[in-house]
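See below for input_38.csv, which holds CSV, N, CA and C atoms.
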```csv
chain,number,residue,atom,x,y,z
A,541,MET,N,-47.3,-41.7,-2.4
A,541,MET,CA,-46.3,-41.1,-1.6
A,541,MET,C,-45.9,-42.0,-0.4
A,542,SER,N,-44.6,-41.9,-0.1
A,542,SER,CA,-44.1,-42.7,1.0
A,542,SER,C,-44.4,-41.8,2.3
A,543,ASP,N,-44.0,-42.4,3.4
A,543,ASP,CA,-44.2,-41.7,4.7
A,543,ASP,C,-43.0,-40.9,5.0
A,544,VAL,N,-42.0,-40.7,4.1
A,544,VAL,CA,-40.8,-40.0,4.4
A,544,VAL,C,-41.1,-38.5,4.5
A,545,LYS,N,-40.7,-37.9,5.6
A,545,LYS,CA,-40.9,-36.4,5.8
A,545,LYS,C,-39.6,-35.8,6.0
A,546,VAL,N,-39.4,-34.7,5.2
A,546,VAL,CA,-38.2,-33.9,5.2
A,546,VAL,C,-38.5,-32.5,5.8
A,547,LEU,N,-38.0,-32.2,7.0
A,547,LEU,CA,-38.2,-30.9,7.6
A,547,LEU,C,-37.1,-30.0,7.1
A,548,VAL,N,-37.5,-28.8,6.7
A,548,VAL,CA,-36.6,-27.8,6.3
A,548,VAL,C,-36.9,-26.5,7.0
A,549,THR,N,-35.8,-25.9,7.5
A,549,THR,CA,-36.0,-24.6,8.2
A,549,THR,C,-35.6,-23.5,7.4
A,550,THR,N,-36.2,-22.3,7.6
A,550,THR,CA,-35.8,-21.1,6.9
A,550,THR,C,-35.9,-19.9,7.8
A,551,ASP,N,-35.0,-19.0,7.5
A,551,ASP,CA,-35.0,-17.7,8.2
A,551,ASP,C,-35.1,-16.6,7.2
A,552,GLY,N,-35.3,-16.9,5.9
A,552,GLY,CA,-35.4,-15.9,4.9
A,552,GLY,C,-34.1,-15.6,4.2
A,553,SER,N,-33.0,-16.1,4.7
A,553,SER,CA,-31.7,-15.8,4.1
A,553,SER,C,-31.5,-16.6,2.7
A,554,ASN,N,-30.6,-16.1,1.9
A,554,ASN,CA,-30.4,-16.8,0.6
A,554,ASN,C,-29.9,-18.2,0.8
A,555,LEU,N,-29.1,-18.4,1.8
A,555,LEU,CA,-28.6,-19.8,2.1
A,555,LEU,C,-29.8,-20.7,2.6
A,556,SER,N,-30.7,-20.2,3.3
A,556,SER,CA,-31.8,-21.0,3.8
A,556,SER,C,-32.7,-21.3,2.6
A,557,GLU,N,-32.8,-20.4,1.6
A,557,GLU,CA,-33.6,-20.7,0.4
A,557,GLU,C,-33.0,-21.8,-0.4
A,558,GLN,N,-31.6,-21.9,-0.4
A,558,GLN,CA,-31.0,-23.1,-1.0
A,558,GLN,C,-31.3,-24.3,-0.3
A,559,ALA,N,-31.4,-24.2,1.1
A,559,ALA,CA,-31.8,-25.4,1.9
A,559,ALA,C,-33.2,-25.9,1.5
A,560,VAL,N,-34.1,-24.9,1.3
A,560,VAL,CA,-35.4,-25.3,0.9
A,560,VAL,C,-35.4,-26.0,-0.5
A,561,ASP,N,-34.6,-25.5,-1.4
A,561,ASP,CA,-34.5,-26.2,-2.7
A,561,ASP,C,-34.0,-27.6,-2.6
A,562,THR,N,-33.0,-27.8,-1.7
A,562,THR,CA,-32.4,-29.1,-1.5
A,562,THR,C,-33.4,-30.0,-0.9
A,563,ALA,N,-34.2,-29.5,0.1
A,563,ALA,CA,-35.2,-30.4,0.8
A,563,ALA,C,-36.3,-30.8,-0.1
A,564,VAL,N,-36.7,-29.9,-1.0
A,564,VAL,CA,-37.8,-30.3,-1.9
A,564,VAL,C,-37.3,-31.3,-2.9
A,565,LYS,N,-36.0,-31.2,-3.4
A,565,LYS,CA,-35.5,-32.2,-4.3
A,565,LYS,C,-35.3,-33.5,-3.6
A,566,LEU,N,-34.9,-33.5,-2.3
A,566,LEU,CA,-34.7,-34.7,-1.5
A,566,LEU,C,-36.1,-35.4,-1.3
A,567,ALA,N,-37.1,-34.7,-0.9
A,567,ALA,CA,-38.4,-35.2,-0.7
A,567,ALA,C,-38.9,-35.8,-2.0
A,568,LYS,N,-38.7,-35.1,-3.1
A,568,LYS,CA,-39.2,-35.6,-4.4
A,568,LYS,C,-38.5,-36.9,-4.8
A,569,ALA,N,-37.2,-37.0,-4.6
A,569,ALA,CA,-36.4,-38.2,-4.9
A,569,ALA,C,-36.9,-39.4,-4.0
A,570,LEU,N,-37.3,-39.1,-2.8
A,570,LEU,CA,-37.7,-40.2,-1.9
A,570,LEU,C,-39.2,-40.5,-1.9
A,571,GLY,N,-39.9,-39.7,-2.7
A,571,GLY,CA,-41.3,-39.9,-2.8
A,571,GLY,C,-42.0,-39.5,-1.6
A,572,GLY,N,-41.4,-38.5,-0.9
A,572,GLY,CA,-42.0,-38.1,0.4
A,572,GLY,C,-42.6,-36.7,0.4
A,573,SER,N,-42.6,-36.1,1.5
A,573,SER,CA,-43.2,-34.7,1.7
A,573,SER,C,-42.2,-33.8,2.4
A,574,VAL,N,-42.6,-32.5,2.4
A,574,VAL,CA,-41.7,-31.5,3.1
A,574,VAL,C,-42.6,-30.9,4.2
A,575,VAL,N,-41.9,-30.6,5.3
A,575,VAL,CA,-42.4,-29.8,6.4
A,575,VAL,C,-41.6,-28.6,6.4
A,576,GLY,N,-42.1,-27.4,6.1
A,576,GLY,CA,-41.4,-26.2,6.1
A,576,GLY,C,-41.6,-25.5,7.4
A,577,VAL,N,-40.5,-25.1,8.1
A,577,VAL,CA,-40.6,-24.5,9.4
A,577,VAL,C,-39.8,-23.2,9.5
A,578,THR,N,-40.4,-22.3,10.2
A,578,THR,CA,-39.6,-21.1,10.6
A,578,THR,C,-39.9,-21.0,12.1
A,579,VAL,N,-38.8,-20.7,12.9
A,579,VAL,CA,-39.0,-20.6,14.3
A,579,VAL,C,-39.1,-19.2,14.7
A,580,VAL,N,-40.1,-18.9,15.5
A,580,VAL,CA,-40.4,-17.6,16.0
A,580,VAL,C,-40.2,-17.5,17.5
A,581,ILE,N,-39.3,-16.6,17.9
A,581,ILE,CA,-39.0,-16.4,19.3
A,581,ILE,C,-40.0,-15.4,19.9
A,582,ALA,N,-41.2,-15.9,20.1
A,582,ALA,CA,-42.3,-15.1,20.7
A,582,ALA,C,-43.4,-16.0,20.9
A,583,PRO,N,-44.3,-15.7,21.8
A,583,PRO,CA,-45.5,-16.5,21.9
A,583,PRO,C,-46.4,-16.5,20.7
A,584,PRO,N,-47.1,-17.6,20.4
A,584,PRO,CA,-47.9,-17.6,19.2
A,584,PRO,C,-49.1,-16.6,19.3
A,585,PRO,N,-49.4,-16.0,18.1
A,585,PRO,CA,-50.5,-15.0,18.1
A,585,PRO,C,-51.8,-15.7,18.4
A,586,ALA,N,-52.7,-15.0,19.1
A,586,ALA,CA,-54.0,-15.5,19.4
A,586,ALA,C,-54.9,-15.9,18.2
A,587,GLY,N,-54.6,-15.2,17.1
A,587,GLY,CA,-55.4,-15.4,15.9
A,587,GLY,C,-54.9,-16.4,15.0
A,588,GLY,N,-53.9,-17.2,15.4
A,588,GLY,CA,-53.4,-18.3,14.5
A,588,GLY,C,-52.5,-17.8,13.4
A,589,PHE,N,-52.3,-18.6,12.4
A,589,PHE,CA,-51.4,-18.3,11.3
A,589,PHE,C,-51.6,-17.0,10.6
A,590,GLU,N,-52.9,-16.7,10.4
A,590,GLU,CA,-53.2,-15.4,9.7
A,590,GLU,C,-52.7,-14.2,10.5
A,591,CYS,N,-52.5,-14.3,11.8
A,591,CYS,CA,-52.0,-13.2,12.6
A,591,CYS,C,-50.5,-13.3,12.8
A,592,GLU,N,-49.8,-14.2,12.2
A,592,GLU,CA,-48.3,-14.2,12.3
A,592,GLU,C,-47.8,-13.0,11.6
A,593,ASP,N,-46.6,-12.6,12.0
A,593,ASP,CA,-45.9,-11.6,11.3
A,593,ASP,C,-45.9,-11.8,9.8
A,594,PRO,N,-46.1,-10.8,9.0
A,594,PRO,CA,-46.1,-11.0,7.5
A,594,PRO,C,-44.8,-11.7,7.0
A,595,SER,N,-43.6,-11.4,7.6
A,595,SER,CA,-42.4,-12.0,7.1
A,595,SER,C,-42.4,-13.5,7.4
A,596,VAL,N,-43.0,-14.0,8.5
A,596,VAL,CA,-43.1,-15.4,8.8
A,596,VAL,C,-44.0,-16.1,7.8
A,597,ARG,N,-45.2,-15.5,7.5
A,597,ARG,CA,-46.1,-16.1,6.5
A,597,ARG,C,-45.4,-16.1,5.1
A,598,GLU,N,-44.7,-15.1,4.8
A,598,GLU,CA,-44.1,-15.0,3.4
A,598,GLU,C,-43.0,-16.1,3.3
A,599,ARG,N,-42.2,-16.3,4.3
A,599,ARG,CA,-41.1,-17.4,4.3
A,599,ARG,C,-41.8,-18.7,4.1
A,600,LEU,N,-42.8,-19.0,4.9
A,600,LEU,CA,-43.5,-20.3,4.8
A,600,LEU,C,-44.2,-20.5,3.5
A,601,THR,N,-44.8,-19.5,3.0
A,601,THR,CA,-45.5,-19.5,1.7
A,601,THR,C,-44.6,-19.9,0.6
A,602,LYS,N,-43.4,-19.3,0.6
A,602,LYS,CA,-42.4,-19.6,-0.4
A,602,LYS,C,-42.0,-21.1,-0.4
A,603,ILE,N,-41.9,-21.7,0.7
A,603,ILE,CA,-41.6,-23.1,0.8
A,603,ILE,C,-42.8,-23.9,0.2
A,604,SER,N,-44.0,-23.6,0.6
A,604,SER,CA,-45.2,-24.3,0.1
A,604,SER,C,-45.2,-24.2,-1.5
A,605,GLU,N,-45.0,-23.0,-2.0
A,605,GLU,CA,-45.0,-22.8,-3.5
A,605,GLU,C,-44.0,-23.6,-4.2
A,606,LYS,N,-42.7,-23.6,-3.6
A,606,LYS,CA,-41.7,-24.4,-4.3
A,606,LYS,C,-42.0,-25.9,-4.3
A,607,ALA,N,-42.6,-26.3,-3.2
A,607,ALA,CA,-42.9,-27.8,-3.1
A,607,ALA,C,-44.0,-28.1,-4.1
A,608,ARG,N,-45.0,-27.2,-4.2
A,608,ARG,CA,-46.2,-27.4,-5.1
A,608,ARG,C,-45.7,-27.5,-6.5
A,609,GLU,N,-44.8,-26.5,-6.9
A,609,GLU,CA,-44.2,-26.5,-8.2
A,609,GLU,C,-43.5,-27.8,-8.6
A,610,SER,N,-42.9,-28.5,-7.6
A,610,SER,CA,-42.2,-29.7,-7.8
A,610,SER,C,-43.1,-31.0,-7.6
A,611,GLY,N,-44.4,-30.7,-7.3
A,611,GLY,CA,-45.3,-31.9,-7.1
A,611,GLY,C,-45.0,-32.6,-5.8
A,612,VAL,N,-44.6,-31.9,-4.8
A,612,VAL,CA,-44.3,-32.5,-3.5
A,612,VAL,C,-45.3,-31.9,-2.5
A,613,GLU,N,-45.8,-32.8,-1.7
A,613,GLU,CA,-46.7,-32.4,-0.6
A,613,GLU,C,-46.0,-31.6,0.4
A,614,CYS,N,-46.6,-30.6,1.0
A,614,CYS,CA,-46.0,-29.7,2.0
A,614,CYS,C,-46.9,-29.3,3.1
A,615,GLU,N,-46.3,-29.3,4.3
A,615,GLU,CA,-47.0,-28.7,5.4
A,615,GLU,C,-46.1,-27.6,5.9
A,616,ILE,N,-46.7,-26.5,6.4
A,616,ILE,CA,-45.9,-25.4,6.9
A,616,ILE,C,-46.2,-25.1,8.3
A,617,VAL,N,-45.2,-24.7,9.1
A,617,VAL,CA,-45.3,-24.6,10.5
A,617,VAL,C,-44.6,-23.3,11.0
A,618,ALA,N,-45.2,-22.4,11.7
A,618,ALA,CA,-44.6,-21.4,12.4
A,618,ALA,C,-44.4,-21.9,13.9
A,619,GLU,N,-43.2,-22.3,14.2
A,619,GLU,CA,-42.9,-23.0,15.5
A,619,GLU,C,-42.5,-21.9,16.5
A,620,HIS,N,-43.2,-21.8,17.5
A,620,HIS,CA,-42.9,-20.8,18.5
A,620,HIS,C,-42.1,-21.5,19.7
A,621,ALA,N,-40.9,-20.9,20.0
A,621,ALA,CA,-40.0,-21.5,20.9
A,621,ALA,C,-39.1,-20.5,21.6
A,622,GLY,N,-38.4,-20.9,22.6
A,622,GLY,CA,-37.5,-20.1,23.3
A,622,GLY,C,-36.2,-19.8,22.5
A,623,THR,N,-35.8,-20.8,21.8
A,623,THR,CA,-34.6,-20.7,20.9
A,623,THR,C,-34.9,-21.4,19.6
A,624,VAL,N,-34.1,-21.0,18.6
A,624,VAL,CA,-34.3,-21.6,17.3
A,624,VAL,C,-34.0,-23.1,17.3
A,625,TRP,N,-32.9,-23.5,17.8
A,625,TRP,CA,-32.6,-24.9,17.7
A,625,TRP,C,-33.6,-25.8,18.5
A,626,GLU,N,-34.1,-25.3,19.6
A,626,GLU,CA,-35.1,-26.1,20.3
A,626,GLU,C,-36.4,-26.2,19.5
A,627,GLY,N,-36.7,-25.1,18.9
A,627,GLY,CA,-38.0,-25.1,18.1
A,627,GLY,C,-37.8,-26.1,16.9
A,628,ILE,N,-36.7,-26.1,16.3
A,628,ILE,CA,-36.5,-27.1,15.2
A,628,ILE,C,-36.6,-28.5,15.6
A,629,LEU,N,-35.9,-28.8,16.7
A,629,LEU,CA,-35.9,-30.2,17.3
A,629,LEU,C,-37.3,-30.6,17.8
A,630,GLU,N,-38.0,-29.7,18.4
A,630,GLU,CA,-39.3,-30.0,18.9
A,630,GLU,C,-40.3,-30.3,17.8
A,631,CYS,N,-40.2,-29.5,16.7
A,631,CYS,CA,-41.1,-29.7,15.6
A,631,CYS,C,-40.7,-31.0,14.9
A,632,ALA,N,-39.5,-31.3,14.8
A,632,ALA,CA,-39.0,-32.6,14.2
A,632,ALA,C,-39.5,-33.7,14.9
A,633,HIS,N,-39.5,-33.6,16.3
A,633,HIS,CA,-40.0,-34.7,17.1
A,633,HIS,C,-41.5,-34.9,17.0
A,634,ARG,N,-42.2,-33.7,17.2
A,634,ARG,CA,-43.6,-33.8,17.2
A,634,ARG,C,-44.2,-34.3,15.9
A,635,LEU,N,-43.6,-33.9,14.8
A,635,LEU,CA,-44.2,-34.3,13.5
A,635,LEU,C,-43.5,-35.6,13.0
A,636,ASP,N,-42.6,-36.1,13.8
A,636,ASP,CA,-41.9,-37.4,13.5
A,636,ASP,C,-41.3,-37.4,12.1
A,637,VAL,N,-40.5,-36.4,11.8
A,637,VAL,CA,-39.8,-36.3,10.5
A,637,VAL,C,-38.6,-37.2,10.4
A,638,ASP,N,-38.3,-37.6,9.2
A,638,ASP,CA,-37.1,-38.5,9.0
A,638,ASP,C,-35.8,-37.8,8.8
A,639,TYR,N,-35.8,-36.6,8.3
A,639,TYR,CA,-34.6,-35.8,8.0
A,639,TYR,C,-34.9,-34.3,8.3
A,640,ILE,N,-33.8,-33.7,8.7
A,640,ILE,CA,-33.8,-32.2,8.9
A,640,ILE,C,-32.8,-31.6,7.9
A,641,VAL,N,-33.3,-30.6,7.2
A,641,VAL,CA,-32.4,-29.9,6.2
A,641,VAL,C,-32.3,-28.4,6.7
A,642,MET,N,-31.1,-27.9,6.8
A,642,MET,CA,-31.0,-26.5,7.2
A,642,MET,C,-29.7,-25.9,6.7
A,643,ALA,N,-29.7,-24.6,6.7
A,643,ALA,CA,-28.5,-23.9,6.2
A,643,ALA,C,-27.4,-23.9,7.2
A,644,SER,N,-26.2,-23.8,6.8
A,644,SER,CA,-25.0,-23.8,7.7
A,644,SER,C,-25.0,-22.6,8.6
A,645,ARG,N,-25.6,-21.6,8.2
A,645,ARG,CA,-25.7,-20.4,9.0
A,645,ARG,C,-26.9,-19.5,8.5
A,646,GLY,N,-27.4,-18.7,9.3
A,646,GLY,CA,-28.5,-17.9,8.9
A,646,GLY,C,-28.4,-16.4,9.2
A,647,LEU,N,-29.4,-15.7,9.1
A,647,LEU,CA,-29.4,-14.3,9.3
A,647,LEU,C,-29.1,-14.1,10.8
A,648,GLY,N,-28.3,-13.1,11.1
A,648,GLY,CA,-28.0,-12.8,12.5
A,648,GLY,C,-27.2,-13.8,13.2
A,649,SER,N,-26.7,-14.8,12.6
A,649,SER,CA,-25.9,-15.8,13.3
A,649,SER,C,-24.5,-15.3,13.5
A,650,PHE,N,-24.0,-15.4,14.7
A,650,PHE,CA,-22.7,-14.9,15.0
A,650,PHE,C,-21.8,-16.0,15.5
A,651,GLY,N,-22.1,-17.2,15.1
A,651,GLY,CA,-21.3,-18.4,15.5
A,651,GLY,C,-20.0,-18.4,14.7
A,652,SER,N,-19.5,-19.6,14.6
A,652,SER,CA,-18.2,-19.8,13.9
A,652,SER,C,-18.4,-19.5,12.4
A,653,LEU,N,-17.3,-19.4,11.7
A,653,LEU,CA,-17.3,-19.1,10.3
A,653,LEU,C,-17.9,-20.3,9.5
A,654,LEU,N,-17.7,-21.5,9.9
A,654,LEU,CA,-18.1,-22.7,9.2
A,654,LEU,C,-19.6,-23.0,9.4
A,655,LEU,N,-20.0,-23.0,10.7
A,655,LEU,CA,-21.4,-23.4,11.0
A,655,LEU,C,-21.9,-22.4,12.0
A,656,GLY,N,-23.2,-22.0,11.8
A,656,GLY,CA,-23.8,-21.1,12.8
A,656,GLY,C,-24.1,-21.8,14.1
A,657,SER,N,-24.2,-21.1,15.1
A,657,SER,CA,-24.4,-21.7,16.4
A,657,SER,C,-25.7,-22.5,16.5
A,658,GLU,N,-26.8,-22.0,15.9
A,658,GLU,CA,-28.0,-22.8,15.9
A,658,GLU,C,-27.9,-24.1,15.2
A,659,THR,N,-27.2,-24.1,14.1
A,659,THR,CA,-26.9,-25.3,13.3
A,659,THR,C,-26.1,-26.3,14.1
A,660,GLN,N,-25.1,-25.8,14.8
A,660,GLN,CA,-24.2,-26.6,15.6
A,660,GLN,C,-25.1,-27.3,16.7
A,661,LYS,N,-26.0,-26.6,17.3
A,661,LYS,CA,-26.8,-27.1,18.4
A,661,LYS,C,-27.7,-28.2,17.9
A,662,VAL,N,-28.3,-27.9,16.7
A,662,VAL,CA,-29.2,-29.0,16.1
A,662,VAL,C,-28.4,-30.2,15.8
A,663,LEU,N,-27.2,-30.1,15.2
A,663,LEU,CA,-26.4,-31.2,14.9
A,663,LEU,C,-26.0,-32.0,16.2
A,664,HIS,N,-25.7,-31.3,17.2
A,664,HIS,CA,-25.3,-32.0,18.5
A,664,HIS,C,-26.5,-32.7,19.1
A,665,GLN,N,-27.7,-32.1,19.1
A,665,GLN,CA,-28.8,-32.7,19.8
A,665,GLN,C,-29.8,-33.6,19.0
A,666,ALA,N,-29.7,-33.5,17.7
A,666,ALA,CA,-30.7,-34.2,16.8
A,666,ALA,C,-30.5,-35.7,17.0
A,667,ASP,N,-31.7,-36.4,16.9
A,667,ASP,CA,-31.7,-37.9,17.0
A,667,ASP,C,-32.1,-38.5,15.7
A,668,ARG,N,-31.9,-37.7,14.6
A,668,ARG,CA,-32.2,-38.1,13.2
A,668,ARG,C,-31.2,-37.4,12.3
A,669,PRO,N,-31.1,-37.9,11.1
A,669,PRO,CA,-30.1,-37.3,10.1
A,669,PRO,C,-30.4,-35.8,9.9
A,670,VAL,N,-29.3,-35.0,9.8
A,670,VAL,CA,-29.4,-33.6,9.5
A,670,VAL,C,-28.5,-33.3,8.3
A,671,LEU,N,-29.1,-32.7,7.3
A,671,LEU,CA,-28.3,-32.3,6.1
A,671,LEU,C,-28.1,-30.8,6.2
A,672,VAL,N,-26.8,-30.4,6.2
A,672,VAL,CA,-26.5,-29.0,6.3
A,672,VAL,C,-26.1,-28.5,4.9
A,673,VAL,N,-26.7,-27.4,4.5
A,673,VAL,CA,-26.5,-26.9,3.1
A,673,VAL,C,-25.6,-25.7,3.3
A,674,ARG,N,-24.5,-25.7,2.5
A,674,ARG,CA,-23.5,-24.6,2.6
A,674,ARG,C,-23.5,-23.8,1.3
```
Could you take the file, read its structure, and then write that structure out as structure tokens?
Amino acid sequence: MSDVKVLVTTDGSNLSEQAVDTAVKLAKALGGSVVGVTVVIAPPPAGGFECEDPSVRERLTKISEKARESGVECEIVAEHAGTVWEGILECAHRLDVDYIVMASRGLGSFGSLLLGSETQKVLHQADRPVLVVR
């Protein structure tokens, strides 16, 4: 495996599931790995991952399963942050990923019709390539 890391974000929407599929294919093509992330706007639970909200664990487990089925290494992260876009960028920086893959819009996004506001903020602030799945 190469050192290429592809971070993919998910909020559980159908479009973010397509982003997961795209990220896994990209990582496989590059001989790299996937970092699956969902951002949680709340302090981390004292008991760690097992005490995360069940929906958070389910979203991340789906990423891990898709990667495993494709033979791609995967790390999953419940990133706790004040905003979604900051959580994505902080995780990308901390884990030194090479690419960020995300949906053009997600659940509860009230931004423009073309790109969700969180996606726009990541695109504007990212210091690495971002692939937006529509």
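We find atom CA of A:Gly588 and atom C of A:Ala618 to be spaced 9.7 Å apart.
Distances here use only C-alpha atoms; by that measure, the residue among A:Arg634, A:Lys661, A:Lys602, A:His620 closest to A:Thr550 is A:Lys602.
Checking A:Glu613, A:Asp636, A:Glu619, A:Glu557 one by one against A:Arg599, counting only C-alpha atoms, you find the shortest gap at A:Glu557.
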- So how far away is atom CA of A:Thr578 from atom CA of A:Glu598, in Å? 10.5 Å
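When DSSP reads the backbone of this structure, the residues of chain A it assigns to strand (DSSP E) are Lys545, Val546, Leu547, Val548, Thr549, Ser573, Val574, Val575, Gly576, Val577, Thr578, Val579, Val580, Cys614, Glu615, Ile616, Val617, Ala618, Glu619, His620, Tyr639, Ile640, Val641, Met642, Ala643, Val670, Leu671, Val672 and Val673 of chain A.
Nearest-residue note for A:Gln660: choosing from A:Asp638, A:Leu547, A:Ile616, A:Trp625, the minimum distance belongs to A:Trp625, counting only N, CA and C atoms.
Distances here use only N, CA and C atoms; by that measure, the residue among A:Val580, A:Ile628, A:Val672, A:Val560 closest to A:Lys606 is A:Val560.
Distances to A:Ser604 were evaluated for A:Glu658, A:Asp543, A:Asp667, A:Asp561 using only C-alpha atoms, and the minimum falls at A:Asp561.
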- In stretch 574-669 of chain A, what's helix (DSSP H, G or I) per DSSP? Answer as a PyMOL selection string? chain A and resi 589-591+594-609+624-634+657-665
Would you save the residues of that selection, restricted to N, CA and C atoms, as a tab-separated table (two decimals), in the coordinates of the input?
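out_5.tsv, written as the output of this step:
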```tsv
chain	number	residue	atom	x	y	z
A	589	PHE	N	-52.30	-18.60	12.40
A	589	PHE	CA	-51.40	-18.30	11.30
A	589	PHE	C	-51.60	-17.00	10.60
A	590	GLU	N	-52.90	-16.70	10.40
A	590	GLU	CA	-53.20	-15.40	9.70
A	590	GLU	C	-52.70	-14.20	10.50
A	591	CYS	N	-52.50	-14.30	11.80
A	591	CYS	CA	-52.00	-13.20	12.60
A	591	CYS	C	-50.50	-13.30	12.80
A	594	PRO	N	-46.10	-10.80	9.00
A	594	PRO	CA	-46.10	-11.00	7.50
A	594	PRO	C	-44.80	-11.70	7.00
A	595	SER	N	-43.60	-11.40	7.60
A	595	SER	CA	-42.40	-12.00	7.10
A	595	SER	C	-42.40	-13.50	7.40
A	596	VAL	N	-43.00	-14.00	8.50
A	596	VAL	CA	-43.10	-15.40	8.80
A	596	VAL	C	-44.00	-16.10	7.80
A	597	ARG	N	-45.20	-15.50	7.50
A	597	ARG	CA	-46.10	-16.10	6.50
A	597	ARG	C	-45.40	-16.10	5.10
A	598	GLU	N	-44.70	-15.10	4.80
A	598	GLU	CA	-44.10	-15.00	3.40
A	598	GLU	C	-43.00	-16.10	3.30
A	599	ARG	N	-42.20	-16.30	4.30
A	599	ARG	CA	-41.10	-17.40	4.30
A	599	ARG	C	-41.80	-18.70	4.10
A	600	LEU	N	-42.80	-19.00	4.90
A	600	LEU	CA	-43.50	-20.30	4.80
A	600	LEU	C	-44.20	-20.50	3.50
A	601	THR	N	-44.80	-19.50	3.00
A	601	THR	CA	-45.50	-19.50	1.70
A	601	THR	C	-44.60	-19.90	0.60
A	602	LYS	N	-43.40	-19.30	0.60
A	602	LYS	CA	-42.40	-19.60	-0.40
A	602	LYS	C	-42.00	-21.10	-0.40
A	603	ILE	N	-41.90	-21.70	0.70
A	603	ILE	CA	-41.60	-23.10	0.80
A	603	ILE	C	-42.80	-23.90	0.20
A	604	SER	N	-44.00	-23.60	0.60
A	604	SER	CA	-45.20	-24.30	0.10
A	604	SER	C	-45.20	-24.20	-1.50
A	605	GLU	N	-45.00	-23.00	-2.00
A	605	GLU	CA	-45.00	-22.80	-3.50
A	605	GLU	C	-44.00	-23.60	-4.20
A	606	LYS	N	-42.70	-23.60	-3.60
A	606	LYS	CA	-41.70	-24.40	-4.30
A	606	LYS	C	-42.00	-25.90	-4.30
A	607	ALA	N	-42.60	-26.30	-3.20
A	607	ALA	CA	-42.90	-27.80	-3.10
A	607	ALA	C	-44.00	-28.10	-4.10
A	608	ARG	N	-45.00	-27.20	-4.20
A	608	ARG	CA	-46.20	-27.40	-5.10
A	608	ARG	C	-45.70	-27.50	-6.50
A	609	GLU	N	-44.80	-26.50	-6.90
A	609	GLU	CA	-44.20	-26.50	-8.20
A	609	GLU	C	-43.50	-27.80	-8.60
A	624	VAL	N	-34.10	-21.00	18.60
A	624	VAL	CA	-34.30	-21.60	17.30
A	624	VAL	C	-34.00	-23.10	17.30
A	625	TRP	N	-32.90	-23.50	17.80
A	625	TRP	CA	-32.60	-24.90	17.70
A	625	TRP	C	-33.60	-25.80	18.50
A	626	GLU	N	-34.10	-25.30	19.60
A	626	GLU	CA	-35.10	-26.10	20.30
A	626	GLU	C	-36.40	-26.20	19.50
A	627	GLY	N	-36.70	-25.10	18.90
A	627	GLY	CA	-38.00	-25.10	18.10
A	627	GLY	C	-37.80	-26.10	16.90
A	628	ILE	N	-36.70	-26.10	16.30
A	628	ILE	CA	-36.50	-27.10	15.20
A	628	ILE	C	-36.60	-28.50	15.60
A	629	LEU	N	-35.90	-28.80	16.70
A	629	LEU	CA	-35.90	-30.20	17.30
A	629	LEU	C	-37.30	-30.60	17.80
A	630	GLU	N	-38.00	-29.70	18.40
A	630	GLU	CA	-39.30	-30.00	18.90
A	630	GLU	C	-40.30	-30.30	17.80
A	631	CYS	N	-40.20	-29.50	16.70
A	631	CYS	CA	-41.10	-29.70	15.60
A	631	CYS	C	-40.70	-31.00	14.90
A	632	ALA	N	-39.50	-31.30	14.80
A	632	ALA	CA	-39.00	-32.60	14.20
A	632	ALA	C	-39.50	-33.70	14.90
A	633	HIS	N	-39.50	-33.60	16.30
A	633	HIS	CA	-40.00	-34.70	17.10
A	633	HIS	C	-41.50	-34.90	17.00
A	634	ARG	N	-42.20	-33.70	17.20
A	634	ARG	CA	-43.60	-33.80	17.20
A	634	ARG	C	-44.20	-34.30	15.90
A	657	SER	N	-24.20	-21.10	15.10
A	657	SER	CA	-24.40	-21.70	16.40
A	657	SER	C	-25.70	-22.50	16.50
A	658	GLU	N	-26.80	-22.00	15.90
A	658	GLU	CA	-28.00	-22.80	15.90
A	658	GLU	C	-27.90	-24.10	15.20
A	659	THR	N	-27.20	-24.10	14.10
A	659	THR	CA	-26.90	-25.30	13.30
A	659	THR	C	-26.10	-26.30	14.10
A	660	GLN	N	-25.10	-25.80	14.80
A	660	GLN	CA	-24.20	-26.60	15.60
A	660	GLN	C	-25.10	-27.30	16.70
A	661	LYS	N	-26.00	-26.60	17.30
A	661	LYS	CA	-26.80	-27.10	18.40
A	661	LYS	C	-27.70	-28.20	17.90
A	662	VAL	N	-28.30	-27.90	16.70
A	662	VAL	CA	-29.20	-29.00	16.10
A	662	VAL	C	-28.40	-30.20	15.80
A	663	LEU	N	-27.20	-30.10	15.20
A	663	LEU	CA	-26.40	-31.20	14.90
A	663	LEU	C	-26.00	-32.00	16.20
A	664	HIS	N	-25.70	-31.30	17.20
A	664	HIS	CA	-25.30	-32.00	18.50
A	664	HIS	C	-26.50	-32.70	19.10
A	665	GLN	N	-27.70	-32.10	19.10
A	665	GLN	CA	-28.80	-32.70	19.80
A	665	GLN	C	-29.80	-33.60	19.00
```
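Nearest residue to A:Thr623 among A:Ile603, A:Ala559, A:Val662, A:Val641 is A:Val662, counting only C-alpha atoms.
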- Query: So which residues are close to (-35.9, -20.0, 10.7), meaning at most 8 Å away in the file's coordinates with only N, CA and C atoms counted, and can you show them as a PyMOL selection string?
  - Reply: chain A and resi 548-553+577-580+624+646-647
- Message: Which residues are near A:Ser573? Cut-off 6 Å, only C-alpha atoms, ignore same chain within fewer than 5 positions. Put them as JSON, numbers by chain.
- Response: {"A": [545, 567, 612, 613, 614]}
- Would you kindly return, as a VMD selection string, each protein, DNA or RNA residue with an atom no farther than 7 Å from any atom of A:Val670, considering all atoms listed in the file and excluding same-chain residues fewer than 3 positions away? chain A and resid 639 to 642 663
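The two atoms in question, atom CA of A:Thr659 and atom CA of A:Arg645, are spaced 6.6 Å apart.
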- Task: Within 8 Å of (-45.8, -35.7, -6.0) (coordinates as in the file), grab all the protein and nucleic acid residues, counting only C-alpha atoms, and write them out as a list of chain:residue names.
- Result: A:Met541, A:Lys568, A:Gly571, A:Gly572, A:Ser610, A:Gly611, A:Val612, A:Glu613
